[in-house]
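Raw input.cif, mmCIF, C-alpha atoms:
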```cif
data_entry
#
loop_
_atom_site.group_PDB
_atom_site.id
_atom_site.type_symbol
_atom_site.label_atom_id
_atom_site.label_comp_id
_atom_site.auth_asym_id
_atom_site.auth_seq_id
_atom_site.Cartn_x
_atom_site.Cartn_y
_atom_site.Cartn_z
ATOM 1 C CA MET A 1 9.512 21.829 -8.231
ATOM 2 C CA LEU A 2 7.815 20.102 -11.164
ATOM 3 C CA GLU A 3 8.959 21.227 -14.577
ATOM 4 C CA PRO A 4 6.326 21.206 -17.347
ATOM 5 C CA LYS A 5 7.833 18.060 -18.864
ATOM 6 C CA MET A 6 7.693 16.250 -15.526
ATOM 7 C CA LEU A 7 4.098 17.361 -15.083
ATOM 8 C CA ALA A 8 3.296 15.793 -18.455
ATOM 9 C CA GLN A 9 4.915 12.546 -17.314
ATOM 10 C CA LEU A 10 2.870 12.609 -14.121
ATOM 11 C CA GLY A 11 -0.177 12.911 -16.350
ATOM 12 C CA LEU A 12 1.087 9.954 -18.393
ATOM 13 C CA LEU A 13 1.401 7.821 -15.239
ATOM 14 C CA MET A 14 -2.135 8.796 -14.232
ATOM 15 C CA MET A 15 -3.428 7.937 -17.704
ATOM 16 C CA PHE A 16 -1.926 4.451 -17.386
ATOM 17 C CA GLN A 17 -3.520 4.194 -13.937
ATOM 18 C CA LEU A 18 -6.880 5.153 -15.459
ATOM 19 C CA ILE A 19 -6.497 2.721 -18.370
ATOM 20 C CA GLY A 20 -5.555 -0.081 -15.976
ATOM 21 C CA GLU A 21 -8.572 0.676 -13.807
ATOM 22 C CA VAL A 22 -10.875 0.758 -16.864
ATOM 23 C CA VAL A 23 -9.464 -2.535 -18.225
ATOM 24 C CA VAL A 24 -9.922 -4.314 -14.870
ATOM 25 C CA SER A 25 -13.447 -2.917 -14.423
ATOM 26 C CA ALA A 26 -14.424 -3.848 -17.982
ATOM 27 C CA LEU A 27 -13.118 -7.403 -17.628
ATOM 28 C CA GLY A 28 -14.676 -7.717 -14.178
ATOM 29 C CA ILE A 29 -11.639 -9.578 -12.813
ATOM 30 C CA PRO A 30 -10.455 -9.294 -9.188
ATOM 31 C CA PHE A 31 -7.126 -7.668 -10.047
ATOM 32 C CA PRO A 32 -5.791 -4.305 -8.844
ATOM 33 C CA GLY A 33 -6.256 -1.675 -11.532
ATOM 34 C CA SER A 34 -3.012 0.141 -10.734
ATOM 35 C CA LEU A 35 -1.067 -3.131 -11.090
ATOM 36 C CA CYS A 36 -2.662 -3.607 -14.506
ATOM 37 C CA GLY A 37 -1.594 -0.024 -15.315
ATOM 38 C CA MET A 38 1.951 -0.876 -14.195
ATOM 39 C CA LEU A 39 2.075 -3.860 -16.569
ATOM 40 C CA LEU A 40 0.750 -1.687 -19.405
ATOM 41 C CA LEU A 41 3.397 0.963 -18.661
ATOM 42 C CA LEU A 42 6.051 -1.776 -18.620
ATOM 43 C CA GLY A 43 4.904 -2.812 -22.115
ATOM 44 C CA TYR A 44 5.023 0.831 -23.192
ATOM 45 C CA LEU A 45 8.591 1.166 -21.847
ATOM 46 C CA TYR A 46 9.676 -1.886 -23.859
ATOM 47 C CA LEU A 47 8.049 -0.449 -26.997
ATOM 48 C CA ARG A 48 9.653 2.935 -26.389
ATOM 49 C CA GLY A 49 13.035 1.494 -25.456
ATOM 50 C CA GLY A 50 13.139 2.880 -21.905
ATOM 51 C CA PRO A 51 11.750 5.674 -19.764
ATOM 52 C CA SER A 52 12.510 9.326 -20.442
ATOM 53 C CA GLU A 53 14.549 11.152 -17.832
ATOM 54 C CA GLU A 54 11.472 13.098 -16.741
ATOM 55 C CA LEU A 55 9.338 9.962 -16.357
ATOM 56 C CA ALA A 56 12.047 8.285 -14.277
ATOM 57 C CA GLY A 57 12.362 11.469 -12.207
ATOM 58 C CA VAL A 58 8.684 11.866 -11.416
ATOM 59 C CA GLY A 59 8.371 8.108 -10.868
ATOM 60 C CA SER A 60 11.160 8.008 -8.319
ATOM 61 C CA LYS A 61 9.704 11.041 -6.500
ATOM 62 C CA LEU A 62 6.472 9.085 -6.059
ATOM 63 C CA VAL A 63 8.136 5.799 -5.143
ATOM 64 C CA ASP A 64 10.490 7.506 -2.661
ATOM 65 C CA ASN A 65 7.430 8.675 -0.719
ATOM 66 C CA LEU A 66 5.544 5.393 -0.923
ATOM 67 C CA GLY A 67 5.410 5.274 2.887
ATOM 68 C CA LEU A 68 3.340 8.477 3.028
ATOM 69 C CA LEU A 69 0.923 7.136 0.425
ATOM 70 C CA PHE A 70 0.212 4.060 2.553
ATOM 71 C CA VAL A 71 -0.929 6.197 5.503
ATOM 72 C CA PRO A 72 -4.596 6.684 4.444
ATOM 73 C CA ALA A 73 -5.105 2.918 3.972
ATOM 74 C CA GLY A 74 -3.196 2.037 7.149
ATOM 75 C CA THR A 75 -5.121 4.511 9.281
ATOM 76 C CA ALA A 76 -8.226 2.441 8.456
ATOM 77 C CA VAL A 77 -7.347 0.297 11.498
ATOM 78 C CA VAL A 78 -9.122 2.992 13.516
ATOM 79 C CA ALA A 79 -12.391 1.818 11.927
ATOM 80 C CA TYR A 80 -11.789 -1.768 13.104
ATOM 81 C CA GLY A 81 -11.619 -0.996 16.808
ATOM 82 C CA ALA A 82 -14.296 -3.554 17.738
ATOM 83 C CA VAL A 83 -12.511 -6.374 15.921
ATOM 84 C CA PHE A 84 -9.175 -5.522 17.545
ATOM 85 C CA ALA A 85 -10.731 -5.171 20.986
ATOM 86 C CA THR A 86 -12.043 -8.757 20.890
ATOM 87 C CA ASP A 87 -9.392 -10.471 18.773
ATOM 88 C CA GLY A 88 -6.361 -8.177 18.871
ATOM 89 C CA PRO A 89 -3.810 -10.711 20.233
ATOM 90 C CA ALA A 90 -4.971 -13.423 17.804
ATOM 91 C CA ILE A 91 -4.697 -11.040 14.848
ATOM 92 C CA PHE A 92 -1.254 -9.881 15.947
ATOM 93 C CA ALA A 93 -0.048 -13.471 16.423
ATOM 94 C CA ALA A 94 -1.398 -14.489 13.025
ATOM 95 C CA LEU A 95 0.295 -11.516 11.358
ATOM 96 C CA VAL A 96 3.699 -12.282 12.893
ATOM 97 C CA LEU A 97 3.396 -16.026 12.290
ATOM 98 C CA SER A 98 2.174 -15.805 8.702
ATOM 99 C CA THR A 99 4.862 -13.240 7.844
ATOM 100 C CA LEU A 100 7.571 -15.530 9.236
ATOM 101 C CA VAL A 101 6.150 -18.549 7.400
ATOM 102 C CA ALA A 102 5.933 -16.594 4.135
ATOM 103 C CA VAL A 103 9.536 -15.362 4.393
ATOM 104 C CA LEU A 104 10.864 -18.826 5.319
ATOM 105 C CA ILE A 105 8.942 -20.759 2.646
ATOM 106 C CA GLY A 106 9.522 -18.143 -0.053
ATOM 107 C CA GLY A 107 13.247 -18.002 0.725
ATOM 108 C CA ALA A 108 13.613 -21.782 0.959
ATOM 109 C CA ILE A 109 11.924 -22.357 -2.399
ATOM 110 C CA ALA A 110 13.900 -19.599 -4.108
ATOM 111 C CA ALA A 111 17.151 -21.019 -2.686
ATOM 112 C CA ALA A 112 16.206 -24.581 -3.707
ATOM 113 C CA ALA A 113 15.376 -23.455 -7.234
ATOM 114 C CA LYS A 114 18.683 -21.593 -7.433
ATOM 115 C CA HIS A 115 20.699 -24.626 -6.297
ATOM 116 C CA SER A 116 18.893 -27.047 -8.592
ATOM 117 C CA GLY A 117 19.579 -24.646 -11.443
ATOM 118 C CA ALA A 118 16.006 -25.094 -12.565
ATOM 119 C CA ASP A 119 15.798 -21.988 -14.688
ATOM 120 C CA VAL A 120 19.326 -20.853 -15.269
ATOM 121 C CA PRO A 121 19.342 -19.710 -18.899
ATOM 122 C CA MET B 122 -8.181 19.586 27.521
ATOM 123 C CA ILE B 123 -9.492 18.972 24.054
ATOM 124 C CA ASP B 124 -13.223 19.299 23.719
ATOM 125 C CA PRO B 125 -14.299 16.881 20.967
ATOM 126 C CA GLY B 126 -17.327 19.012 20.229
ATOM 127 C CA LYS B 127 -15.183 21.979 19.336
ATOM 128 C CA LEU B 128 -13.118 19.874 16.939
ATOM 129 C CA SER B 129 -16.001 18.203 15.160
ATOM 130 C CA HIS B 130 -16.270 21.001 12.631
ATOM 131 C CA LEU B 131 -12.637 20.490 11.616
ATOM 132 C CA GLN B 132 -13.197 18.491 8.516
ATOM 133 C CA GLY B 133 -11.989 18.270 4.990
ATOM 134 C CA ALA B 134 -8.688 18.398 3.212
ATOM 135 C CA LEU B 135 -7.860 21.683 4.946
ATOM 136 C CA VAL B 136 -7.010 19.885 8.195
ATOM 137 C CA TRP B 137 -6.171 16.256 7.567
ATOM 138 C CA LEU B 138 -4.081 16.473 4.420
ATOM 139 C CA PRO B 139 -1.519 18.906 5.907
ATOM 140 C CA SER B 140 -1.646 17.099 9.278
ATOM 141 C CA THR B 141 -0.831 13.789 7.616
ATOM 142 C CA ILE B 142 2.028 15.238 5.578
ATOM 143 C CA VAL B 143 3.520 17.154 8.521
ATOM 144 C CA LEU B 144 3.258 14.085 10.784
ATOM 145 C CA TYR B 145 4.943 11.973 8.126
ATOM 146 C CA ALA B 146 7.704 14.541 7.616
ATOM 147 C CA GLY B 147 8.279 14.662 11.381
ATOM 148 C CA SER B 148 8.279 10.865 11.621
ATOM 149 C CA SER B 149 10.788 10.646 8.779
ATOM 150 C CA ALA B 150 13.087 13.100 10.557
ATOM 151 C CA LEU B 151 12.808 11.059 13.772
ATOM 152 C CA HIS B 152 13.465 7.858 11.808
ATOM 153 C CA ARG B 153 16.662 9.334 10.371
ATOM 154 C CA ARG B 154 17.719 10.627 13.778
ATOM 155 C CA LEU B 155 17.285 7.129 15.258
ATOM 156 C CA ASP B 156 19.621 5.639 12.634
ATOM 157 C CA LYS B 157 16.650 4.261 10.695
ATOM 158 C CA ALA B 158 15.552 1.927 13.469
ATOM 159 C CA PRO B 159 12.800 -0.349 12.070
ATOM 160 C CA ILE B 160 10.575 0.326 15.083
ATOM 161 C CA ALA B 161 10.564 4.031 14.151
ATOM 162 C CA ASN B 162 9.206 3.323 10.682
ATOM 163 C CA PRO B 163 7.687 6.664 9.591
ATOM 164 C CA THR B 164 4.543 5.049 8.154
ATOM 165 C CA LEU B 165 3.945 3.170 11.409
ATOM 166 C CA LEU B 166 4.539 6.272 13.553
ATOM 167 C CA THR B 167 2.277 8.441 11.395
ATOM 168 C CA ILE B 168 -0.544 5.867 11.448
ATOM 169 C CA ALA B 169 -0.197 5.449 15.229
ATOM 170 C CA ALA B 170 -0.340 9.217 15.781
ATOM 171 C CA LEU B 171 -3.343 9.614 13.480
ATOM 172 C CA VAL B 172 -5.215 6.720 15.113
ATOM 173 C CA LEU B 173 -4.702 8.368 18.517
ATOM 174 C CA ILE B 174 -5.847 11.755 17.216
ATOM 175 C CA LEU B 175 -8.877 10.423 15.307
ATOM 176 C CA ALA B 176 -9.992 8.112 18.111
ATOM 177 C CA GLY B 177 -9.279 10.751 20.765
ATOM 178 C CA CYS B 178 -11.290 13.423 18.994
ATOM 179 C CA GLY B 179 -14.031 11.080 17.834
ATOM 180 C CA ILE B 180 -13.455 11.869 14.159
ATOM 181 C CA PRO B 181 -14.993 9.182 11.911
ATOM 182 C CA TYR B 182 -12.530 7.481 9.594
ATOM 183 C CA LYS B 183 -14.734 8.356 6.629
ATOM 184 C CA THR B 184 -14.194 12.075 7.299
ATOM 185 C CA TYR B 185 -10.459 11.553 7.493
ATOM 186 C CA PHE B 186 -10.289 9.372 4.404
ATOM 187 C CA GLU B 187 -12.280 11.757 2.246
ATOM 188 C CA SER B 188 -9.777 14.519 2.950
ATOM 189 C CA VAL B 189 -6.672 12.416 2.224
ATOM 190 C CA ALA B 190 -8.201 10.478 -0.683
ATOM 191 C CA VAL B 191 -5.726 12.186 -3.007
ATOM 192 C CA LEU B 192 -2.840 10.426 -1.206
ATOM 193 C CA HIS B 193 -4.618 7.101 -1.645
ATOM 194 C CA TYR B 194 -5.104 7.913 -5.319
ATOM 195 C CA LEU B 195 -1.386 8.725 -5.652
ATOM 196 C CA LEU B 196 -0.563 5.307 -4.151
ATOM 197 C CA GLY B 197 -2.055 3.835 -7.325
ATOM 198 C CA THR B 198 0.014 6.250 -9.420
ATOM 199 C CA ALA B 199 3.158 5.224 -7.527
ATOM 200 C CA VAL B 200 2.368 1.552 -8.185
ATOM 201 C CA VAL B 201 2.147 2.347 -11.908
ATOM 202 C CA ALA B 202 5.496 4.178 -11.622
ATOM 203 C CA LEU B 203 7.092 0.982 -10.243
ATOM 204 C CA ALA B 204 7.229 -0.144 -13.885
ATOM 205 C CA VAL B 205 10.302 2.119 -14.292
ATOM 206 C CA PRO B 206 12.571 0.369 -11.718
ATOM 207 C CA LEU B 207 11.124 -2.963 -12.894
ATOM 208 C CA TYR B 208 12.150 -2.148 -16.464
ATOM 209 C CA ARG B 209 15.606 -1.020 -15.350
ATOM 210 C CA ASN B 210 16.217 -4.178 -13.296
ATOM 211 C CA ALA B 211 14.659 -6.564 -15.793
ATOM 212 C CA ASN B 212 18.092 -7.953 -16.713
ATOM 213 C CA ARG B 213 18.576 -9.019 -13.087
ATOM 214 C CA LEU B 214 15.306 -10.937 -13.195
ATOM 215 C CA HIS B 215 16.377 -12.697 -16.375
ATOM 216 C CA GLY B 216 16.491 -16.449 -15.814
ATOM 217 C CA ARG B 217 15.012 -16.171 -12.347
ATOM 218 C CA CYS B 218 11.400 -15.572 -13.306
ATOM 219 C CA ILE B 219 10.207 -19.136 -12.676
ATOM 220 C CA SER B 220 11.850 -19.572 -9.265
ATOM 221 C CA MET B 221 10.685 -16.102 -8.201
ATOM 222 C CA ALA B 222 7.119 -16.765 -9.333
ATOM 223 C CA VAL B 223 7.022 -20.141 -7.562
ATOM 224 C CA ALA B 224 8.507 -18.655 -4.375
ATOM 225 C CA LEU B 225 6.046 -15.738 -4.455
ATOM 226 C CA VAL B 226 2.982 -17.933 -4.933
ATOM 227 C CA ALA B 227 4.136 -20.495 -2.329
ATOM 228 C CA GLY B 228 5.035 -17.765 0.164
ATOM 229 C CA SER B 229 1.694 -16.026 -0.289
ATOM 230 C CA LEU B 230 -0.280 -19.274 0.050
ATOM 231 C CA ALA B 231 1.734 -20.230 3.146
ATOM 232 C CA SER B 232 1.101 -16.806 4.647
ATOM 233 C CA ILE B 233 -2.639 -16.910 3.956
ATOM 234 C CA SER B 234 -3.128 -20.469 5.214
ATOM 235 C CA SER B 235 -0.998 -20.026 8.345
ATOM 236 C CA GLY B 236 -2.793 -16.782 9.148
ATOM 237 C CA LEU B 237 -6.201 -18.406 8.755
ATOM 238 C CA SER B 238 -5.331 -21.503 10.773
ATOM 239 C CA SER B 239 -3.811 -19.681 13.761
ATOM 240 C CA PRO B 240 -5.192 -20.395 17.204
ATOM 241 C CA ARG B 241 -8.717 -19.176 17.855
ATOM 242 C CA SER B 242 -9.240 -18.089 14.294
ATOM 243 C CA GLY B 243 -10.891 -21.378 13.389
ATOM 244 C CA THR B 244 -13.261 -21.638 16.324
ATOM 245 C CA ARG B 245 -16.844 -20.762 15.865
ATOM 246 C CA ARG B 246 -16.905 -17.892 18.311
ATOM 247 C CA HIS B 247 -13.768 -16.141 17.151
ATOM 248 C CA ARG B 248 -13.344 -15.758 13.486
ATOM 249 C CA PRO B 249 -11.601 -12.402 13.141
ATOM 250 C CA PHE B 250 -9.773 -13.431 10.012
ATOM 251 C CA TYR B 251 -12.847 -14.630 8.233
ATOM 252 C CA ARG B 252 -14.515 -11.417 9.227
ATOM 253 C CA LEU B 253 -11.576 -9.458 7.854
ATOM 254 C CA LEU B 254 -11.622 -11.628 4.737
ATOM 255 C CA ARG B 255 -15.233 -10.769 4.109
ATOM 256 C CA SER B 256 -14.402 -7.096 4.600
ATOM 257 C CA PRO B 257 -10.686 -6.753 3.947
ATOM 258 C CA PRO B 258 -8.766 -4.102 5.897
ATOM 259 C CA ARG B 259 -8.887 -1.537 3.176
ATOM 260 C CA PRO B 260 -10.414 1.901 3.532
ATOM 261 C CA PRO B 261 -14.029 1.057 4.387
ATOM 262 C CA CYS B 262 -15.238 3.861 2.171
ATOM 263 C CA ARG B 263 -16.426 3.546 -1.358
ATOM 264 C CA TRP B 264 -14.026 5.894 -3.011
ATOM 265 C CA ARG B 265 -13.313 4.871 -6.538
ATOM 266 C CA TYR B 266 -11.450 6.939 -9.045
ATOM 267 C CA ARG B 267 -13.674 6.583 -12.042
ATOM 268 C CA ALA B 268 -13.679 8.892 -15.022
#
```

Give the structure from the file, written as structure tokens.
Amino acid sequence: MLEPKMLAQLGLLMMFQLIGEVVVSALGIPFPGSLCGMLLLLGYLYLRGGPSEELAGVGSKLVDNLGLLFVPAGTAVVAYGAVFATDGPAIFAALVLSTLVAVLIGGAIAAAAKHSGADVP
Amino acid sequence: MIDPGKLSHLQGALVWLPSTIVLYAGSSALHRRLDKAPIANPTLLTIAALVLILAGCGIPYKTYFESVAVLHYLLGTAVVALAVPLYRNANRLHGRCISMAVALVAGSLASISSGLSSPRSGTRRHRPFYRLLRSPPRPPCRWRYRA
């Protein structure tokens, strides 16, 4: 399934993850370590002039199964039973409402910026 | 009838890692069969099934999380891997960075403030969101991947 070269690229991704985590911990800033690792990898890709075929391959295998990787975090709702029992409807309403508001405001601002031509090169 | 006592010894990666993956594979197949209906989102179905199983059998979330921690670790790896599609689509972002950044920040702020100011959330007796803010809905286990 994983050729040796792809395995090496998986290791490379994990090294960037580790470096990102170390950088964030060392700086003591509230920023996700893996996101920091992503930015570092992006810089590396610009320096290198693009990802190798193996890196792109192993990366897309991971990203294609992103839904599976969210399961452990999502299942944590089972540990919040007491909160949902008392405030379930309010939480659900807030989730739906805030998602709608975010989509509407985000879309409206992006559309307005596009029409005004604010940052067309 | 399932006797919770008999299942309590079922712990560790041996049970929950394969269960999670098989449930997700099954959910994905169902999702495809239902013409990718959003309600049959495989992540949602898998989480729902696992919540029923864990709650039904009285398995603490900590036990579950410890056995699937590798999946949670790989989520971080997948986030790092998102740099590849970002790099490949960078030309499409060109010239749109400012409007996208403004829209993202405004959308996030709108989402946070509307969520916090929803009915009941501001009253003294019911502050679920502030409670969740103090302890965000992330795995409530200290599992850090440190070298």

- Message: Report, in Å to a single decimal, how far apart CA of Leu171 (chain B) and CA of Leu155 (chain B) are.
- Response: 20.9 Å

Expand the PyMOL selection byres ((chain B and resi 174) around 12) into the individual residues it matches in the shown file, reporting them as a compact mmCIF listing (two decimals) with C-alpha atoms, keeping the file's coordinate frame.
```txt
# COMPACT_ATOMS: atom_id res chain seq x y z
CA THR A 75 -5.12 4.51 9.28
CA VAL A 78 -9.12 2.99 13.52
CA ILE B 123 -9.49 18.97 24.05
CA PRO B 125 -14.30 16.88 20.97
CA LEU B 128 -13.12 19.87 16.94
CA TRP B 137 -6.17 16.26 7.57
CA SER B 140 -1.65 17.10 9.28
CA THR B 141 -0.83 13.79 7.62
CA LEU B 144 3.26 14.08 10.78
CA THR B 167 2.28 8.44 11.40
CA ILE B 168 -0.54 5.87 11.45
CA ALA B 169 -0.20 5.45 15.23
CA ALA B 170 -0.34 9.22 15.78
CA LEU B 171 -3.34 9.61 13.48
CA VAL B 172 -5.22 6.72 15.11
CA LEU B 173 -4.70 8.37 18.52
CA LEU B 175 -8.88 10.42 15.31
CA ALA B 176 -9.99 8.11 18.11
CA GLY B 177 -9.28 10.75 20.76
CA CYS B 178 -11.29 13.42 18.99
CA GLY B 179 -14.03 11.08 17.83
CA ILE B 180 -13.46 11.87 14.16
CA PRO B 181 -14.99 9.18 11.91
CA TYR B 182 -12.53 7.48 9.59
CA TYR B 185 -10.46 11.55 7.49
```

- Just say which residues the PyMOL selection byres ((chain B) within 6 of (chain A)) picks in this file, as a list in words. Thr164, Ile168, Val172, Leu192, His193, Leu196, Gly197, Thr198, Ala199, Val201, Ala202, Ala204, Gly216, Ser220, Ala224, Gly228, Ala231, Ser232, Ser235, Gly236, Ser239, Arg259 and Pro260 of chain B

- Message: Can you measure CA of Ala8 (chain A) to CA of Glu54 (chain A) for me? One decimal in Å is fine.
- Response: 8.8 Å

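Atom to atom, CA of Leu135 (chain B) and CA of Gln9 (chain A) stand 27.2 Å apart.
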
Kindly compute an axis-aligned box around the listed atoms of region 53-58 of chain A, allowing 6 Å on each side, and express its centre and edge lengths in Å to one decimal as AutoDock Vina command-line options.
```
--center_x 11.6 --center_y 10.7 --center_z -14.6 --size_x 17.9 --size_y 16.8 --size_z 18.4
```
